[in-house]
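Structure record follows, encoded as structure tokens.
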Amino acid sequence: MSLDRVAREKLVRALADSVIQHADELTSLDQAIGDGDHGLNMKRGFEAVLATLPGLADKSLPEMLKAIGMTLVMKVGGASGPLVGTFFMELGKALPEQSIRADLVAATAKAIDAVKARGRSEAGQKTLLDVLVPVQVVLAGGGDAKAIAAEAAQAADRTTPMLAIRGRASFLGERSIGHMDPGSRSASLLIGAAVKVLEFEASS
Ligand code: ADP
Ligand code: MG
């Protein structure tokens with residue numbers, strides 16, 4: 001998977017647009033079970049990322065991912081900035097300069113472990129890990145772009161009936177049930193945007 005400069009810039013813009021265009025939706029999800037800042041947090045973070053273009057896309061893919069992660073950690077308030085930022089940073093650290101799909105499978109697993117460590121969380125607690133973990137399984141299992149995007153959307157939907165055990169929504173206890181987790185929705189949007197640009201083909 002080697003992306004040229006044009007593809008790298010396209011990827012950054014697609015990721016940023018996916019959350020910026022859905023900021024209002026992310027905000028209303030967070031208004032239901034959080035403090036209503038998730039849309040603004042993600043928008044602010046990815047606007048800061050966009051502001052580092054065009055230089056950002058001059059970097060290699062791993063270096064670019066690390067830089068995106070650092071910007072998100074620095075610019076996004078709230079729980080999501082350090083968590084999503086950690087994911088990008090660790091993905092960049094774990095990916096070799098010239099990567100094949102197996103490298104991406106291994107690197108996403110490492111990045112997810114870093115998110116778990118940072119959030120002291122696991123899948124099943126109604127957080128963005130409930131999207132990252134099952135999507136990584138589909139990636140590891142050879143799924144194509146369509147399968148990965150479909151799993152991301154379905155995994156975000158599956159957080160609706162869940163009880164929040166981590167993050168601000170956990171303060172609501174049972175009242176967190178019946179609402180989609182905002183971080184899961186933004187993770188699903190980012191994954192959908194990424195696979196569209198990367199055009200994953202199925203592998204066995
Ligand atoms: P905050 O909760 O500080 O207001 P955001 O609203 O930007 O931050 O982000 C909330 C999202 O962050 C949640 O929907 C959830 O997906 C994710 N999140 C919060 N805490 C954790 C955690 N400990 N582990 C994993 N994800 C978490
Ligand atoms: Mg919030």
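Following the order of the structure tokens, first chain is A, next is B, and so on, with residues numbered from 1 inside each chain and ligands from 1 in the order they appear.
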Could you report the residues within 8 Å of ligand 1, using only C-alpha atoms and all ligand atoms, as an MDAnalysis selection string? chainID A and resid 30 34:42 76:81 83 115:116 118:122 126:129 166:169 181:184
At a cut-off of 8 Å, using only C-alpha atoms, what residues contact A:Leu11? Leave out same-chain residues fewer than 6 positions from it and give the result as a PDB file with N, CA and C atoms, in the first residue's frame.
ATOM      1  N   ALA A 193     -14.675   6.939   5.223  1.00  0.00           N
ATOM      2  CA  ALA A 193     -13.953   7.864   4.339  1.00  0.00           C
ATOM      3  C   ALA A 193     -12.613   7.266   3.907  1.00  0.00           C
ATOM      4  N   ALA A 194     -11.926   6.624   4.847  1.00  0.00           N
ATOM      5  CA  ALA A 194     -10.601   6.063   4.536  1.00  0.00           C
ATOM      6  C   ALA A 194     -10.701   4.944   3.504  1.00  0.00           C
ATOM      7  N   VAL A 197     -11.182   6.002  -0.132  1.00  0.00           N
ATOM      8  CA  VAL A 197      -9.980   6.501  -0.811  1.00  0.00           C
ATOM      9  C   VAL A 197      -9.004   5.350  -1.075  1.00  0.00           C
ATOM     10  N   LEU A 198      -8.870   4.465  -0.106  1.00  0.00           N
ATOM     11  CA  LEU A 198      -7.862   3.411  -0.221  1.00  0.00           C
ATOM     12  C   LEU A 198      -8.307   2.261  -1.123  1.00  0.00           C
TER      13      LEU A 198
END
So, counting only C-alpha atoms, which residue among A:Phe46, A:Phe87, A:Ala32, A:Ala67 is closest to A:Val19?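 Closest to A:Val19 of all the choices is A:Phe46.
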Backbone-only DSSP, alpha helix (DSSP H) members of chain A, as a ChimeraX atom specification: /A:5-20,23-33,38-50,55-58,61-75,80-94,101-119,129-140,145-158,182-198
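Note that the spacing between atom CA of A:Asp4 and atom CA of A:Ala107 amounts to 19.8 Å.
Distances from A:Leu15, A:Leu29, A:Ala109, A:Val135 to ligand 2 were compared using only C-alpha atoms and all ligand atoms, and the smallest one belongs to A:Leu29.
Among the candidates A:Ala152, A:Val84, A:Val12, A:Leu26, the one nearest to A:Leu53 when counting only C-alpha atoms is A:Val12.
You can rank A:Ser170, A:Gln154, A:Ser203, A:Gln21 by their closest distance to ligand 2 using only C-alpha atoms and all ligand atoms, and at the top of that list sits A:Ser170.
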Hey, which of A:Pro96, A:Gly178, A:Gly45, A:Gly142 ends up closest to A:Phe200? Count only C-alpha atoms. A:Gly142
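With only C-alpha atoms taken into account, the protein and nucleic acid residues at most 7 Å from stretch 69-73 of chain A (excluding it and anything under 3 positions from it in its own chain) are Gly45, Ala48, Val49, Leu65, Lys66, Val76, Gly81, Pro82, Gly85, Thr86, Phe88 and Met89 of chain A.
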Save the residues we just selected, all heavy atoms, as an mmCIF file, in the first residue's frame?
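The resulting file, result.cif, is shown below:
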data_model
loop_
_atom_site.group_PDB
_atom_site.id
_atom_site.type_symbol
_atom_site.label_atom_id
_atom_site.label_comp_id
_atom_site.auth_asym_id
_atom_site.auth_seq_id
_atom_site.Cartn_x
_atom_site.Cartn_y
_atom_site.Cartn_z
ATOM 1 N N GLY A 45 -10.322 19.552 15.672
ATOM 2 C CA GLY A 45 -9.123 18.740 15.453
ATOM 3 C C GLY A 45 -8.801 18.578 13.980
ATOM 4 O O GLY A 45 -7.659 18.761 13.551
ATOM 5 N N ALA A 48 -7.634 21.690 12.266
ATOM 6 C CA ALA A 48 -6.216 21.906 12.568
ATOM 7 C C ALA A 48 -5.339 21.016 11.683
ATOM 8 O O ALA A 48 -4.279 21.429 11.222
ATOM 9 C CB ALA A 48 -5.943 21.641 14.046
ATOM 10 N N VAL A 49 -5.810 19.781 11.428
ATOM 11 C CA VAL A 49 -5.070 18.879 10.537
ATOM 12 C C VAL A 49 -5.041 19.468 9.119
ATOM 13 O O VAL A 49 -3.983 19.525 8.475
ATOM 14 C CB VAL A 49 -5.717 17.468 10.537
ATOM 15 C CG1 VAL A 49 -5.132 16.608 9.418
ATOM 16 C CG2 VAL A 49 -5.524 16.785 11.891
ATOM 17 N N LEU A 65 0.664 9.995 9.235
ATOM 18 C CA LEU A 65 -0.287 9.505 10.244
ATOM 19 C C LEU A 65 0.137 9.950 11.647
ATOM 20 O O LEU A 65 -0.693 10.362 12.460
ATOM 21 C CB LEU A 65 -0.397 7.978 10.175
ATOM 22 C CG LEU A 65 -1.050 7.429 8.899
ATOM 23 C CD1 LEU A 65 -0.852 5.918 8.793
ATOM 24 C CD2 LEU A 65 -2.540 7.769 8.852
ATOM 25 N N LYS A 66 1.449 9.893 11.904
ATOM 26 C CA LYS A 66 1.946 10.342 13.214
ATOM 27 C C LYS A 66 1.649 11.823 13.418
ATOM 28 O O LYS A 66 1.228 12.237 14.509
ATOM 29 C CB LYS A 66 3.471 10.128 13.301
ATOM 30 C CG LYS A 66 3.873 8.735 13.692
ATOM 31 C CD LYS A 66 5.363 8.719 14.064
ATOM 32 C CE LYS A 66 6.131 7.862 13.091
ATOM 33 N NZ LYS A 66 7.589 7.899 13.287
ATOM 34 N N VAL A 76 -7.452 18.781 20.219
ATOM 35 C CA VAL A 76 -8.812 18.374 20.577
ATOM 36 C C VAL A 76 -8.952 18.249 22.084
ATOM 37 O O VAL A 76 -8.223 17.492 22.722
ATOM 38 C CB VAL A 76 -9.197 17.036 19.904
ATOM 39 C CG1 VAL A 76 -10.649 16.691 20.205
ATOM 40 C CG2 VAL A 76 -8.968 17.111 18.410
ATOM 41 N N GLY A 81 -9.936 13.404 21.710
ATOM 42 C CA GLY A 81 -8.703 13.874 21.075
ATOM 43 C C GLY A 81 -7.526 12.969 21.365
ATOM 44 O O GLY A 81 -6.897 12.427 20.443
ATOM 45 N N PRO A 82 -7.208 12.742 22.642
ATOM 46 C CA PRO A 82 -6.102 11.842 22.968
ATOM 47 C C PRO A 82 -6.317 10.413 22.458
ATOM 48 O O PRO A 82 -5.359 9.741 22.078
ATOM 49 C CB PRO A 82 -6.072 11.857 24.506
ATOM 50 C CG PRO A 82 -6.730 13.140 24.880
ATOM 51 C CD PRO A 82 -7.716 13.455 23.814
ATOM 52 N N GLY A 85 -6.286 10.554 18.529
ATOM 53 C CA GLY A 85 -4.906 10.946 18.228
ATOM 54 C C GLY A 85 -3.937 9.800 18.462
ATOM 55 O O GLY A 85 -3.035 9.555 17.657
ATOM 56 N N THR A 86 -4.110 9.093 19.558
ATOM 57 C CA THR A 86 -3.259 7.931 19.851
ATOM 58 C C THR A 86 -3.379 6.884 18.750
ATOM 59 O O THR A 86 -2.387 6.309 18.310
ATOM 60 C CB THR A 86 -3.654 7.310 21.216
ATOM 61 O OG1 THR A 86 -3.336 8.252 22.240
ATOM 62 C CG2 THR A 86 -2.932 6.001 21.492
ATOM 63 N N PHE A 88 -4.078 7.284 15.526
ATOM 64 C CA PHE A 88 -3.316 7.704 14.341
ATOM 65 C C PHE A 88 -1.804 7.651 14.602
ATOM 66 O O PHE A 88 -1.034 7.201 13.755
ATOM 67 C CB PHE A 88 -3.729 9.120 13.921
ATOM 68 C CG PHE A 88 -4.990 9.165 13.088
ATOM 69 C CD1 PHE A 88 -6.221 9.408 13.673
ATOM 70 C CD2 PHE A 88 -4.934 8.973 11.715
ATOM 71 C CE1 PHE A 88 -7.385 9.455 12.910
ATOM 72 C CE2 PHE A 88 -6.093 9.014 10.940
ATOM 73 C CZ PHE A 88 -7.324 9.257 11.541
ATOM 74 N N MET A 89 -1.378 8.121 15.760
ATOM 75 C CA MET A 89 0.048 8.148 16.071
ATOM 76 C C MET A 89 0.639 6.743 16.089
ATOM 77 O O MET A 89 1.688 6.480 15.507
ATOM 78 C CB MET A 89 0.269 8.800 17.440
ATOM 79 C CG MET A 89 0.716 10.237 17.340
ATOM 80 S SD MET A 89 0.577 11.182 18.864
ATOM 81 C CE MET A 89 0.974 10.061 20.113
#
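The protein and nucleic acid residues lying at most 12 Å from A:Asp103 are A:Met1, A:Ser2, A:Pro62, A:Leu91, A:Gly92, A:Lys93, A:Ala94, A:Leu95, A:Pro96, A:Glu97, A:Ala109, A:Lys110, A:Leu139, A:Ala140, with only C-alpha atoms considered and sequence neighbours fewer than 6 positions away removed.
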Please save C-alpha atoms of the selected residues as a PDB file, in the first residue's frame.
ATOM      1  CA  MET A   1       0.000   0.000   0.000  1.00  0.00           C
ATOM      2  CA  SER A   2       1.994   2.952  -1.189  1.00  0.00           C
ATOM      3  CA  PRO A  62       3.626   6.628   8.403  1.00  0.00           C
ATOM      4  CA  LEU A  91      -0.728   3.437  13.426  1.00  0.00           C
ATOM      5  CA  GLY A  92       1.975   5.653  11.927  1.00  0.00           C
ATOM      6  CA  LYS A  93       4.601   4.253  14.291  1.00  0.00           C
ATOM      7  CA  ALA A  94       3.687   0.655  13.500  1.00  0.00           C
ATOM      8  CA  LEU A  95       3.433   0.949   9.686  1.00  0.00           C
ATOM      9  CA  PRO A  96       6.580   0.381   7.626  1.00  0.00           C
ATOM     10  CA  GLU A  97       7.373   2.862   4.822  1.00  0.00           C
ATOM     11  CA  ALA A 109      -4.065  -4.136  16.029  1.00  0.00           C
ATOM     12  CA  LYS A 110      -1.203  -2.287  17.749  1.00  0.00           C
ATOM     13  CA  LEU A 139      -9.834  -6.132   7.825  1.00  0.00           C
ATOM     14  CA  ALA A 140      -7.807  -9.032   9.210  1.00  0.00           C
TER      15      ALA A 140
END
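Across A:Ser28, A:Ala156, A:Glu63, A:Ile165, the tightest approach to ligand 2 is made by A:Ser28 when counting only C-alpha atoms and all ligand atoms.
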